[in-house]
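Here is start_12.cif, consisting of mmCIF, N, CA and C atoms and all ligand atoms:
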```cif
data_final
loop_
_atom_site.label_atom_id
_atom_site.label_comp_id
_atom_site.auth_asym_id
_atom_site.auth_seq_id
_atom_site.Cartn_x
_atom_site.Cartn_y
_atom_site.Cartn_z
N MET A 259 61.41 85.35 105.42
CA MET A 259 62.70 85.88 105.03
C MET A 259 62.98 87.15 105.84
N SER A 260 64.17 87.16 106.43
CA SER A 260 64.58 88.34 107.18
C SER A 260 65.14 89.39 106.22
N ARG A 261 64.72 90.60 106.39
CA ARG A 261 65.20 91.67 105.51
C ARG A 261 65.77 92.77 106.37
N LYS A 262 66.85 93.37 105.90
CA LYS A 262 67.48 94.47 106.61
C LYS A 262 67.26 95.74 105.82
N ALA A 263 67.48 96.86 106.48
CA ALA A 263 67.32 98.16 105.82
C ALA A 263 68.69 98.77 105.51
N ILE A 264 68.78 99.48 104.44
CA ILE A 264 69.95 100.27 104.11
C ILE A 264 69.46 101.62 103.60
N LEU A 265 70.16 102.67 103.96
CA LEU A 265 69.82 104.00 103.49
C LEU A 265 70.82 104.39 102.41
N LEU A 266 70.34 104.69 101.22
CA LEU A 266 71.18 105.11 100.11
C LEU A 266 71.06 106.62 99.95
N PHE A 267 72.19 107.28 99.90
CA PHE A 267 72.19 108.74 99.79
C PHE A 267 72.85 109.18 98.49
N ASP A 268 72.16 110.01 97.75
CA ASP A 268 72.76 110.74 96.64
C ASP A 268 73.73 111.76 97.26
N VAL A 269 74.71 112.22 96.50
CA VAL A 269 75.70 113.17 97.02
C VAL A 269 75.26 114.60 96.71
N ASP A 270 75.44 115.02 95.46
CA ASP A 270 75.13 116.41 95.08
C ASP A 270 73.66 116.73 95.24
N GLY A 271 73.39 117.75 96.04
CA GLY A 271 72.01 118.19 96.26
C GLY A 271 71.31 117.44 97.38
N THR A 272 71.97 116.42 97.93
CA THR A 272 71.37 115.66 99.03
C THR A 272 72.28 115.71 100.26
N LEU A 273 73.44 115.08 100.17
CA LEU A 273 74.40 115.15 101.28
C LEU A 273 75.17 116.46 101.25
N THR A 274 75.34 117.01 100.08
CA THR A 274 76.08 118.28 99.92
C THR A 274 75.32 119.16 98.95
N ALA A 275 75.64 120.45 98.99
CA ALA A 275 75.22 121.31 97.89
C ALA A 275 76.01 120.85 96.66
N ALA A 276 75.51 121.13 95.48
CA ALA A 276 76.13 120.64 94.26
C ALA A 276 77.62 120.95 94.22
N ARG A 277 78.43 119.87 94.14
CA ARG A 277 79.89 119.94 93.98
C ARG A 277 80.60 120.57 95.19
N GLN A 278 79.90 120.69 96.31
CA GLN A 278 80.49 121.30 97.51
C GLN A 278 80.80 120.23 98.55
N SER A 279 81.47 120.64 99.62
CA SER A 279 81.80 119.73 100.71
C SER A 279 80.62 119.54 101.64
N ILE A 280 80.61 118.41 102.29
CA ILE A 280 79.56 118.11 103.26
C ILE A 280 79.65 119.08 104.45
N THR A 281 78.52 119.45 105.00
CA THR A 281 78.53 120.34 106.17
C THR A 281 78.83 119.53 107.43
N LYS A 282 79.26 120.22 108.45
CA LYS A 282 79.55 119.57 109.73
C LYS A 282 78.29 118.89 110.27
N LYS A 283 77.16 119.57 110.15
CA LYS A 283 75.90 119.03 110.66
C LYS A 283 75.52 117.74 109.94
N MET A 284 75.67 117.72 108.61
CA MET A 284 75.33 116.51 107.85
C MET A 284 76.32 115.40 108.15
N ARG A 285 77.61 115.73 108.30
CA ARG A 285 78.63 114.72 108.63
C ARG A 285 78.29 114.07 109.98
N GLU A 286 77.93 114.87 110.96
CA GLU A 286 77.57 114.34 112.28
C GLU A 286 76.33 113.45 112.19
N PHE A 287 75.37 113.88 111.39
CA PHE A 287 74.17 113.06 111.19
C PHE A 287 74.54 111.69 110.60
N MET A 288 75.42 111.69 109.60
CA MET A 288 75.83 110.43 108.97
C MET A 288 76.58 109.54 109.96
N HIS A 289 77.47 110.13 110.77
CA HIS A 289 78.22 109.35 111.75
C HIS A 289 77.29 108.71 112.77
N GLU A 290 76.32 109.45 113.24
CA GLU A 290 75.40 108.91 114.24
C GLU A 290 74.47 107.87 113.62
N THR A 291 73.98 108.13 112.43
CA THR A 291 73.03 107.24 111.78
C THR A 291 73.67 105.91 111.41
N HIS A 292 74.93 105.94 110.98
CA HIS A 292 75.56 104.68 110.54
C HIS A 292 75.80 103.72 111.71
N LYS A 293 75.65 104.20 112.95
CA LYS A 293 75.74 103.30 114.10
C LYS A 293 74.47 102.46 114.24
N LYS A 294 73.39 102.91 113.61
CA LYS A 294 72.10 102.25 113.78
C LYS A 294 71.61 101.50 112.54
N VAL A 295 72.03 101.93 111.38
CA VAL A 295 71.53 101.33 110.15
C VAL A 295 72.63 101.42 109.09
N HIS A 296 72.62 100.49 108.15
CA HIS A 296 73.60 100.52 107.07
C HIS A 296 73.36 101.72 106.18
N LEU A 297 74.44 102.35 105.78
CA LEU A 297 74.39 103.51 104.90
C LEU A 297 75.23 103.24 103.66
N ALA A 298 74.87 103.86 102.58
CA ALA A 298 75.70 103.81 101.37
C ALA A 298 75.52 105.11 100.61
N VAL A 299 76.53 105.45 99.86
CA VAL A 299 76.51 106.66 99.05
C VAL A 299 76.44 106.25 97.59
N VAL A 300 75.55 106.85 96.85
CA VAL A 300 75.40 106.58 95.43
C VAL A 300 75.51 107.91 94.71
N GLY A 301 76.65 108.14 94.10
CA GLY A 301 76.86 109.41 93.43
C GLY A 301 77.25 109.21 91.98
N GLY A 302 77.13 110.26 91.23
CA GLY A 302 77.49 110.21 89.82
C GLY A 302 78.94 110.56 89.55
N SER A 303 79.63 111.10 90.56
CA SER A 303 81.03 111.47 90.38
C SER A 303 81.93 110.27 90.66
N ASP A 304 83.22 110.41 90.31
CA ASP A 304 84.16 109.35 90.63
C ASP A 304 84.51 109.39 92.12
N LEU A 305 85.20 108.34 92.59
CA LEU A 305 85.48 108.22 94.02
C LEU A 305 86.31 109.38 94.55
N SER A 306 87.25 109.88 93.75
CA SER A 306 88.09 110.97 94.26
C SER A 306 87.27 112.22 94.51
N LYS A 307 86.28 112.52 93.65
CA LYS A 307 85.44 113.71 93.87
C LYS A 307 84.52 113.49 95.08
N ILE A 308 83.95 112.30 95.17
CA ILE A 308 83.08 112.01 96.31
C ILE A 308 83.87 112.08 97.62
N THR A 309 85.09 111.54 97.60
CA THR A 309 85.95 111.61 98.79
C THR A 309 86.27 113.05 99.14
N GLU A 310 86.54 113.86 98.14
CA GLU A 310 86.80 115.29 98.36
C GLU A 310 85.58 115.96 99.00
N GLN A 311 84.40 115.60 98.55
CA GLN A 311 83.18 116.22 99.08
C GLN A 311 82.81 115.72 100.47
N LEU A 312 83.01 114.42 100.71
CA LEU A 312 82.54 113.83 101.95
C LEU A 312 83.63 113.65 102.99
N GLY A 313 84.88 113.92 102.60
CA GLY A 313 85.97 113.85 103.57
C GLY A 313 86.33 112.43 103.93
N ASP A 314 86.01 112.04 105.13
CA ASP A 314 86.53 110.78 105.67
C ASP A 314 85.70 109.56 105.30
N ILE A 315 85.11 109.53 104.13
CA ILE A 315 84.31 108.37 103.73
C ILE A 315 85.16 107.11 103.72
N LYS A 316 86.45 107.24 103.35
CA LYS A 316 87.31 106.06 103.33
C LYS A 316 87.61 105.57 104.74
N ASP A 317 87.66 106.48 105.71
CA ASP A 317 87.84 106.06 107.10
C ASP A 317 86.67 105.19 107.54
N LEU A 318 85.46 105.60 107.16
CA LEU A 318 84.27 104.81 107.50
C LEU A 318 84.31 103.45 106.82
N LEU A 319 84.75 103.43 105.57
CA LEU A 319 84.84 102.18 104.82
C LEU A 319 85.85 101.24 105.48
N VAL A 320 87.02 101.77 105.85
CA VAL A 320 88.04 100.96 106.51
C VAL A 320 87.49 100.40 107.83
N ALA A 321 86.83 101.23 108.61
CA ALA A 321 86.27 100.77 109.89
C ALA A 321 85.23 99.68 109.67
N GLU A 322 84.40 99.83 108.67
CA GLU A 322 83.37 98.82 108.39
C GLU A 322 84.00 97.51 107.90
N LEU A 323 85.01 97.60 107.05
CA LEU A 323 85.68 96.39 106.57
C LEU A 323 86.36 95.66 107.72
N GLU A 324 87.02 96.40 108.62
CA GLU A 324 87.68 95.76 109.76
C GLU A 324 86.67 95.09 110.68
N LYS A 325 85.50 95.70 110.82
CA LYS A 325 84.46 95.11 111.66
C LYS A 325 83.92 93.82 111.03
N ARG A 326 83.64 93.87 109.75
CA ARG A 326 83.02 92.73 109.08
C ARG A 326 83.98 91.56 108.85
N PHE A 327 85.28 91.86 108.69
CA PHE A 327 86.24 90.81 108.37
C PHE A 327 87.27 90.63 109.47
N SER A 328 86.88 90.89 110.71
CA SER A 328 87.81 90.82 111.83
C SER A 328 88.33 89.41 112.07
N ASP A 329 87.64 88.39 111.64
CA ASP A 329 88.06 87.01 111.87
C ASP A 329 88.97 86.45 110.77
N TYR A 330 89.32 87.26 109.80
CA TYR A 330 90.07 86.76 108.65
C TYR A 330 91.55 87.12 108.70
N GLY A 331 92.01 87.77 109.76
CA GLY A 331 93.43 88.14 109.86
C GLY A 331 93.86 89.15 108.84
N LEU A 332 92.94 90.03 108.47
CA LEU A 332 93.24 91.04 107.46
C LEU A 332 93.33 92.42 108.09
N LYS A 333 94.15 93.25 107.49
CA LYS A 333 94.27 94.65 107.88
C LYS A 333 93.84 95.50 106.70
N PHE A 334 93.11 96.56 106.98
CA PHE A 334 92.65 97.46 105.92
C PHE A 334 93.21 98.85 106.20
N SER A 335 93.58 99.55 105.15
CA SER A 335 94.07 100.92 105.32
C SER A 335 93.77 101.73 104.07
N ILE A 336 93.76 103.03 104.26
CA ILE A 336 93.58 103.92 103.12
C ILE A 336 94.82 103.79 102.25
N GLY A 337 94.61 103.53 100.98
CA GLY A 337 95.74 103.29 100.08
C GLY A 337 95.79 104.35 98.99
N GLY A 338 96.41 105.46 99.30
CA GLY A 338 96.51 106.51 98.30
C GLY A 338 95.26 107.35 98.25
N GLN A 339 95.06 108.03 97.15
CA GLN A 339 93.98 109.01 97.04
C GLN A 339 92.61 108.38 96.83
N THR A 340 92.54 107.23 96.19
CA THR A 340 91.23 106.71 95.81
C THR A 340 91.01 105.24 96.14
N SER A 341 91.81 104.66 97.00
CA SER A 341 91.64 103.23 97.22
C SER A 341 91.75 102.86 98.69
N VAL A 342 91.32 101.65 98.99
CA VAL A 342 91.50 101.06 100.32
C VAL A 342 92.27 99.77 100.10
N ASP A 343 93.37 99.59 100.84
CA ASP A 343 94.19 98.39 100.72
C ASP A 343 93.73 97.34 101.72
N ALA A 344 93.79 96.08 101.32
CA ALA A 344 93.52 94.95 102.20
C ALA A 344 94.69 93.99 102.10
N PHE A 345 95.20 93.54 103.26
CA PHE A 345 96.35 92.65 103.25
C PHE A 345 96.39 91.89 104.57
N PRO A 346 97.11 90.76 104.60
CA PRO A 346 97.23 90.03 105.88
C PRO A 346 97.87 90.90 106.95
N ILE A 347 97.44 90.75 108.19
CA ILE A 347 98.01 91.52 109.29
C ILE A 347 99.53 91.31 109.33
N GLY A 348 100.27 92.39 109.47
CA GLY A 348 101.72 92.34 109.50
C GLY A 348 102.37 92.53 108.15
N TRP A 349 101.55 92.55 107.10
CA TRP A 349 102.09 92.70 105.75
C TRP A 349 101.90 94.12 105.22
N ASP A 350 101.83 95.10 106.11
CA ASP A 350 101.75 96.49 105.66
C ASP A 350 103.16 96.98 105.34
N LYS A 351 103.32 98.28 105.19
CA LYS A 351 104.63 98.82 104.78
C LYS A 351 105.68 98.67 105.86
N THR A 352 105.28 98.33 107.08
CA THR A 352 106.27 98.08 108.13
C THR A 352 106.93 96.71 107.97
N TYR A 353 106.42 95.88 107.08
CA TYR A 353 106.97 94.54 106.85
C TYR A 353 108.46 94.59 106.54
N CYS A 354 108.88 95.61 105.81
CA CYS A 354 110.29 95.72 105.40
C CYS A 354 111.22 95.96 106.58
N LEU A 355 110.67 96.45 107.72
CA LEU A 355 111.53 96.80 108.86
C LEU A 355 112.27 95.58 109.39
N ARG A 356 111.69 94.42 109.32
CA ARG A 356 112.36 93.23 109.84
C ARG A 356 113.68 92.95 109.13
N TYR A 357 113.83 93.49 107.92
CA TYR A 357 115.07 93.29 107.16
C TYR A 357 116.02 94.48 107.27
N LEU A 358 115.57 95.56 107.91
CA LEU A 358 116.39 96.77 107.97
C LEU A 358 116.91 97.11 109.36
N THR A 359 116.19 96.70 110.38
CA THR A 359 116.52 97.15 111.73
C THR A 359 117.86 96.61 112.25
N SER A 360 118.37 95.55 111.69
CA SER A 360 119.68 95.06 112.15
C SER A 360 120.82 95.90 111.55
N GLU A 361 120.54 96.62 110.50
CA GLU A 361 121.59 97.38 109.83
C GLU A 361 121.50 98.88 110.08
N TYR A 362 120.29 99.39 110.36
CA TYR A 362 120.10 100.84 110.49
C TYR A 362 119.56 101.18 111.87
N ASP A 363 120.08 102.29 112.45
CA ASP A 363 119.60 102.78 113.73
C ASP A 363 118.37 103.67 113.55
N THR A 364 118.36 104.43 112.48
CA THR A 364 117.27 105.36 112.21
C THR A 364 116.77 105.15 110.80
N ILE A 365 115.46 105.06 110.66
CA ILE A 365 114.84 104.85 109.35
C ILE A 365 113.79 105.93 109.16
N HIS A 366 113.87 106.66 108.07
CA HIS A 366 112.88 107.68 107.74
C HIS A 366 111.98 107.11 106.65
N PHE A 367 110.67 107.22 106.85
CA PHE A 367 109.72 106.77 105.84
C PHE A 367 108.99 107.99 105.30
N PHE A 368 108.84 108.07 103.99
CA PHE A 368 108.12 109.17 103.36
C PHE A 368 106.95 108.60 102.57
N GLY A 369 105.78 109.14 102.82
CA GLY A 369 104.60 108.72 102.09
C GLY A 369 103.65 109.90 101.96
N GLU A 370 102.65 109.75 101.08
CA GLU A 370 101.75 110.88 100.83
C GLU A 370 100.67 111.02 101.90
N LEU A 371 100.47 110.00 102.73
CA LEU A 371 99.45 110.08 103.76
C LEU A 371 100.10 110.45 105.08
N TYR A 372 99.68 111.54 105.67
CA TYR A 372 100.35 112.08 106.84
C TYR A 372 100.37 111.12 108.01
N HIS A 373 99.34 110.28 108.17
CA HIS A 373 99.27 109.44 109.35
C HIS A 373 100.20 108.23 109.30
N ILE A 374 100.85 107.98 108.14
CA ILE A 374 101.81 106.88 108.12
C ILE A 374 103.24 107.38 107.95
N GLN A 375 103.40 108.71 107.85
CA GLN A 375 104.76 109.23 107.81
C GLN A 375 105.33 109.13 109.21
N CYS A 376 106.52 108.69 109.32
CA CYS A 376 107.05 108.50 110.66
C CYS A 376 108.57 108.45 110.64
N LEU A 377 109.11 108.61 111.79
CA LEU A 377 110.54 108.42 112.03
C LEU A 377 110.65 107.24 112.97
N ILE A 378 111.36 106.25 112.55
CA ILE A 378 111.50 105.03 113.36
C ILE A 378 112.93 104.99 113.88
N THR A 379 113.05 104.96 115.17
CA THR A 379 114.38 104.83 115.78
C THR A 379 114.45 103.49 116.51
N VAL A 380 115.42 102.69 116.13
CA VAL A 380 115.52 101.36 116.75
C VAL A 380 116.76 101.24 117.59
MG MG B 401 71.94 114.82 93.10
#
```
So, in terms of C-alpha cells, how does the structure I just supplied come out?
Amino acid sequence: MSRKAILLFDVDGTLTAARQSITKKMREFMHETHKKVHLAVVGGSDLSKITEQLGDIKDLLVAELEKRFSDYGLKFSIGGQTSVDAFPIGWDKTYCLRYLTSEYDTIHFFGELYHIQCLITV
C-alpha cells in the first residue's frame, strides 16, 4: 500500500503566538513547504479567526482546489469572509454581463472583496 505524508499544524502556539497573526517567516516557511508535502491546519477557532490569523489561507485553498479539479471545468474563488465558492467556469458574477452589455456602456460592480471590484466599460 502506498502511503503519503501530510503535515498537520495547530494554529495558536504553533503557527502563531496565541490569538496573534502568523509571522512573515512562518508564512514563508508554509508557502515553501506546501510545494513539497501536503499541509493542513487544525485549529480550535472558527474559520474566520483562523483566516484572520493566517491571512491568505483561502488563497492557498483556492489554488489547491483548482489544481486538483482542473479537469472538471470548475472555477473556485474566495466567497465572502469565510467561504470558497465553486461553480462551472463562466458562471461567476460576470455571467450577468452577457445580458447587460447590449444596453449599458458602463457598468459599475460593487463587492466586499477588493480584487473583484471593477469598472467595466464596453
Ligand atoms: Mg495550540
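Those protein and nucleic acid residues that have any atom within 7 Å of ligand MG 401 (chain B) are, using all atoms listed in the file, Asp268, Val269, Asp270, Gly271 and Thr272 of chain A.
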Got a sec: who's within 7 Å of His296 (chain A), counting all atoms listed in the file, leaving out chain neighbours fewer than 2 positions off, as a PDB file with N, CA and C atoms, keeping the file's coordinate frame?
```pdb
ATOM      1  N   ALA A 263      67.480  96.860 106.480  1.00  0.00           N
ATOM      2  CA  ALA A 263      67.320  98.160 105.820  1.00  0.00           C
ATOM      3  C   ALA A 263      68.690  98.770 105.510  1.00  0.00           C
ATOM      4  N   ILE A 264      68.780  99.480 104.440  1.00  0.00           N
ATOM      5  CA  ILE A 264      69.950 100.270 104.110  1.00  0.00           C
ATOM      6  C   ILE A 264      69.460 101.620 103.600  1.00  0.00           C
ATOM      7  N   LEU A 265      70.160 102.670 103.960  1.00  0.00           N
ATOM      8  CA  LEU A 265      69.820 104.000 103.490  1.00  0.00           C
ATOM      9  C   LEU A 265      70.820 104.390 102.410  1.00  0.00           C
ATOM     10  N   LEU A 266      70.340 104.690 101.220  1.00  0.00           N
ATOM     11  CA  LEU A 266      71.180 105.110 100.110  1.00  0.00           C
ATOM     12  C   LEU A 266      71.060 106.620  99.950  1.00  0.00           C
ATOM     13  N   THR A 291      73.980 108.130 112.430  1.00  0.00           N
ATOM     14  CA  THR A 291      73.030 107.240 111.780  1.00  0.00           C
ATOM     15  C   THR A 291      73.670 105.910 111.410  1.00  0.00           C
ATOM     16  N   HIS A 292      74.930 105.940 110.980  1.00  0.00           N
ATOM     17  CA  HIS A 292      75.560 104.680 110.540  1.00  0.00           C
ATOM     18  C   HIS A 292      75.800 103.720 111.710  1.00  0.00           C
ATOM     19  N   LYS A 293      75.650 104.200 112.950  1.00  0.00           N
ATOM     20  CA  LYS A 293      75.740 103.300 114.100  1.00  0.00           C
ATOM     21  C   LYS A 293      74.470 102.460 114.240  1.00  0.00           C
ATOM     22  N   LYS A 294      73.390 102.910 113.610  1.00  0.00           N
ATOM     23  CA  LYS A 294      72.100 102.250 113.780  1.00  0.00           C
ATOM     24  C   LYS A 294      71.610 101.500 112.540  1.00  0.00           C
ATOM     25  N   ALA A 298      74.870 103.860 102.580  1.00  0.00           N
ATOM     26  CA  ALA A 298      75.700 103.810 101.370  1.00  0.00           C
ATOM     27  C   ALA A 298      75.520 105.110 100.610  1.00  0.00           C
TER      28      ALA A 298
END
```
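Running DSSP on the backbone gives strand (DSSP E) for these residues within chain A: A:Ile264, A:Leu265, A:Leu266, A:Phe267, A:His296, A:Leu297, A:Ala298, A:Val299, A:Leu332, A:Lys333, A:Phe334, A:Ser335, A:Ile336, A:Val342, A:Asp343, A:Ala344, A:Phe345, A:Pro346, A:Thr364, A:Ile365, A:His366, A:Phe367, A:Cys376, A:Leu377, A:Ile378, A:Thr379.
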Go ahead and write the selection's residues with N, CA and C atoms as a compact mmCIF listing (two decimals), in the frame of the given file.
```
# COMPACT_ATOMS: atom_id res chain seq x y z
N ILE A 264 68.78 99.48 104.44
CA ILE A 264 69.95 100.27 104.11
C ILE A 264 69.46 101.62 103.60
N LEU A 265 70.16 102.67 103.96
CA LEU A 265 69.82 104.00 103.49
C LEU A 265 70.82 104.39 102.41
N LEU A 266 70.34 104.69 101.22
CA LEU A 266 71.18 105.11 100.11
C LEU A 266 71.06 106.62 99.95
N PHE A 267 72.19 107.28 99.90
CA PHE A 267 72.19 108.74 99.79
C PHE A 267 72.85 109.18 98.49
N HIS A 296 72.62 100.49 108.15
CA HIS A 296 73.60 100.52 107.07
C HIS A 296 73.36 101.72 106.18
N LEU A 297 74.44 102.35 105.78
CA LEU A 297 74.39 103.51 104.90
C LEU A 297 75.23 103.24 103.66
N ALA A 298 74.87 103.86 102.58
CA ALA A 298 75.70 103.81 101.37
C ALA A 298 75.52 105.11 100.61
N VAL A 299 76.53 105.45 99.86
CA VAL A 299 76.51 106.66 99.05
C VAL A 299 76.44 106.25 97.59
N LEU A 332 92.94 90.03 108.47
CA LEU A 332 93.24 91.04 107.46
C LEU A 332 93.33 92.42 108.09
N LYS A 333 94.15 93.25 107.49
CA LYS A 333 94.27 94.65 107.88
C LYS A 333 93.84 95.50 106.70
N PHE A 334 93.11 96.56 106.98
CA PHE A 334 92.65 97.46 105.92
C PHE A 334 93.21 98.85 106.20
N SER A 335 93.58 99.55 105.15
CA SER A 335 94.07 100.92 105.32
C SER A 335 93.77 101.73 104.07
N ILE A 336 93.76 103.03 104.26
CA ILE A 336 93.58 103.92 103.12
C ILE A 336 94.82 103.79 102.25
N VAL A 342 91.32 101.65 98.99
CA VAL A 342 91.50 101.06 100.32
C VAL A 342 92.27 99.77 100.10
N ASP A 343 93.37 99.59 100.84
CA ASP A 343 94.19 98.39 100.72
C ASP A 343 93.73 97.34 101.72
N ALA A 344 93.79 96.08 101.32
CA ALA A 344 93.52 94.95 102.20
C ALA A 344 94.69 93.99 102.10
N PHE A 345 95.20 93.54 103.26
CA PHE A 345 96.35 92.65 103.25
C PHE A 345 96.39 91.89 104.57
N PRO A 346 97.11 90.76 104.60
CA PRO A 346 97.23 90.03 105.88
C PRO A 346 97.87 90.90 106.95
N THR A 364 118.36 104.43 112.48
CA THR A 364 117.27 105.36 112.21
C THR A 364 116.77 105.15 110.80
N ILE A 365 115.46 105.06 110.66
CA ILE A 365 114.84 104.85 109.35
C ILE A 365 113.79 105.93 109.16
N HIS A 366 113.87 106.66 108.07
CA HIS A 366 112.88 107.68 107.74
C HIS A 366 111.98 107.11 106.65
N PHE A 367 110.67 107.22 106.85
CA PHE A 367 109.72 106.77 105.84
C PHE A 367 108.99 107.99 105.30
N CYS A 376 106.52 108.69 109.32
CA CYS A 376 107.05 108.50 110.66
C CYS A 376 108.57 108.45 110.64
N LEU A 377 109.11 108.61 111.79
CA LEU A 377 110.54 108.42 112.03
C LEU A 377 110.65 107.24 112.97
N ILE A 378 111.36 106.25 112.55
CA ILE A 378 111.50 105.03 113.36
C ILE A 378 112.93 104.99 113.88
N THR A 379 113.05 104.96 115.17
CA THR A 379 114.38 104.83 115.78
C THR A 379 114.45 103.49 116.51
```
Give me, as a tab-separated table (two decimals) with N, CA and C atoms, in the coordinates of the input, the residues of region 303-357 of chain A that a backbone DSSP run labels helix (DSSP H, G or I).
```
chain	number	residue	atom	x	y	z
A	305	LEU	N	85.20	108.34	92.59
A	305	LEU	CA	85.48	108.22	94.02
A	305	LEU	C	86.31	109.38	94.55
A	306	SER	N	87.25	109.88	93.75
A	306	SER	CA	88.09	110.97	94.26
A	306	SER	C	87.27	112.22	94.51
A	307	LYS	N	86.28	112.52	93.65
A	307	LYS	CA	85.44	113.71	93.87
A	307	LYS	C	84.52	113.49	95.08
A	308	ILE	N	83.95	112.30	95.17
A	308	ILE	CA	83.08	112.01	96.31
A	308	ILE	C	83.87	112.08	97.62
A	309	THR	N	85.09	111.54	97.60
A	309	THR	CA	85.95	111.61	98.79
A	309	THR	C	86.27	113.05	99.14
A	310	GLU	N	86.54	113.86	98.14
A	310	GLU	CA	86.80	115.29	98.36
A	310	GLU	C	85.58	115.96	99.00
A	311	GLN	N	84.40	115.60	98.55
A	311	GLN	CA	83.18	116.22	99.08
A	311	GLN	C	82.81	115.72	100.47
A	312	LEU	N	83.01	114.42	100.71
A	312	LEU	CA	82.54	113.83	101.95
A	312	LEU	C	83.63	113.65	102.99
A	315	ILE	N	85.11	109.53	104.13
A	315	ILE	CA	84.31	108.37	103.73
A	315	ILE	C	85.16	107.11	103.72
A	316	LYS	N	86.45	107.24	103.35
A	316	LYS	CA	87.31	106.06	103.33
A	316	LYS	C	87.61	105.57	104.74
A	317	ASP	N	87.66	106.48	105.71
A	317	ASP	CA	87.84	106.06	107.10
A	317	ASP	C	86.67	105.19	107.54
A	318	LEU	N	85.46	105.60	107.16
A	318	LEU	CA	84.27	104.81	107.50
A	318	LEU	C	84.31	103.45	106.82
A	319	LEU	N	84.75	103.43	105.57
A	319	LEU	CA	84.84	102.18	104.82
A	319	LEU	C	85.85	101.24	105.48
A	320	VAL	N	87.02	101.77	105.85
A	320	VAL	CA	88.04	100.96	106.51
A	320	VAL	C	87.49	100.40	107.83
A	321	ALA	N	86.83	101.23	108.61
A	321	ALA	CA	86.27	100.77	109.89
A	321	ALA	C	85.23	99.68	109.67
A	322	GLU	N	84.40	99.83	108.67
A	322	GLU	CA	83.37	98.82	108.39
A	322	GLU	C	84.00	97.51	107.90
A	323	LEU	N	85.01	97.60	107.05
A	323	LEU	CA	85.68	96.39	106.57
A	323	LEU	C	86.36	95.66	107.72
A	324	GLU	N	87.02	96.40	108.62
A	324	GLU	CA	87.68	95.76	109.76
A	324	GLU	C	86.67	95.09	110.68
A	325	LYS	N	85.50	95.70	110.82
A	325	LYS	CA	84.46	95.11	111.66
A	325	LYS	C	83.92	93.82	111.03
A	326	ARG	N	83.64	93.87	109.75
A	326	ARG	CA	83.02	92.73	109.08
A	326	ARG	C	83.98	91.56	108.85
A	328	SER	N	86.88	90.89	110.71
A	328	SER	CA	87.81	90.82	111.83
A	328	SER	C	88.33	89.41	112.07
A	329	ASP	N	87.64	88.39	111.64
A	329	ASP	CA	88.06	87.01	111.87
A	329	ASP	C	88.97	86.45	110.77
A	330	TYR	N	89.32	87.26	109.80
A	330	TYR	CA	90.07	86.76	108.65
A	330	TYR	C	91.55	87.12	108.70
A	351	LYS	N	103.32	98.28	105.19
A	351	LYS	CA	104.63	98.82	104.78
A	351	LYS	C	105.68	98.67	105.86
A	352	THR	N	105.28	98.33	107.08
A	352	THR	CA	106.27	98.08	108.13
A	352	THR	C	106.93	96.71	107.97
A	353	TYR	N	106.42	95.88	107.08
A	353	TYR	CA	106.97	94.54	106.85
A	353	TYR	C	108.46	94.59	106.54
A	354	CYS	N	108.88	95.61	105.81
A	354	CYS	CA	110.29	95.72	105.40
A	354	CYS	C	111.22	95.96	106.58
A	355	LEU	N	110.67	96.45	107.72
A	355	LEU	CA	111.53	96.80	108.86
A	355	LEU	C	112.27	95.58	109.39
A	356	ARG	N	111.69	94.42	109.32
A	356	ARG	CA	112.36	93.23	109.84
A	356	ARG	C	113.68	92.95	109.13
A	357	TYR	N	113.83	93.49	107.92
A	357	TYR	CA	115.07	93.29	107.16
A	357	TYR	C	116.02	94.48	107.27
```
Taking every listed atom of region 288-302 of chain A and adding 6 Å to each side, what centre and edge lengths in Å (one decimal) does the axis-aligned box have, as AutoDock Vina command-line options?
```
--center_x 75.2 --center_y 106.1 --center_z 101.9 --size_x 19.4 --size_y 23.2 --size_z 36.7
```
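CA of Gly331 (chain A) is positioned 24.9 Å from CA of Thr359 (chain A).
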What's around region 303-306 of chain A at 8 Å? Count all atoms listed in the file, leave out sequence neighbours fewer than 2 positions away in its own chain, and write the answer as a short mmCIF file (atom, residue, chain, number, x, y, z; two decimals) with N, CA and C atoms, in the frame of the given file.
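result10.cif was written with the following content:
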```
data_model
loop_
_atom_site.label_atom_id
_atom_site.label_comp_id
_atom_site.auth_asym_id
_atom_site.auth_seq_id
_atom_site.Cartn_x
_atom_site.Cartn_y
_atom_site.Cartn_z
N VAL A 269 74.71 112.22 96.50
CA VAL A 269 75.70 113.17 97.02
C VAL A 269 75.26 114.60 96.71
N ASP A 270 75.44 115.02 95.46
CA ASP A 270 75.13 116.41 95.08
C ASP A 270 73.66 116.73 95.24
N VAL A 300 75.55 106.85 96.85
CA VAL A 300 75.40 106.58 95.43
C VAL A 300 75.51 107.91 94.71
N GLY A 301 76.65 108.14 94.10
CA GLY A 301 76.86 109.41 93.43
C GLY A 301 77.25 109.21 91.98
N ILE A 308 83.95 112.30 95.17
CA ILE A 308 83.08 112.01 96.31
C ILE A 308 83.87 112.08 97.62
N THR A 309 85.09 111.54 97.60
CA THR A 309 85.95 111.61 98.79
C THR A 309 86.27 113.05 99.14
N GLU A 310 86.54 113.86 98.14
CA GLU A 310 86.80 115.29 98.36
C GLU A 310 85.58 115.96 99.00
N GLN A 311 84.40 115.60 98.55
CA GLN A 311 83.18 116.22 99.08
C GLN A 311 82.81 115.72 100.47
N LEU A 312 83.01 114.42 100.71
CA LEU A 312 82.54 113.83 101.95
C LEU A 312 83.63 113.65 102.99
N GLN A 339 95.06 108.03 97.15
CA GLN A 339 93.98 109.01 97.04
C GLN A 339 92.61 108.38 96.83
N THR A 340 92.54 107.23 96.19
CA THR A 340 91.23 106.71 95.81
C THR A 340 91.01 105.24 96.14
N SER A 341 91.81 104.66 97.00
CA SER A 341 91.64 103.23 97.22
C SER A 341 91.75 102.86 98.69
#
```
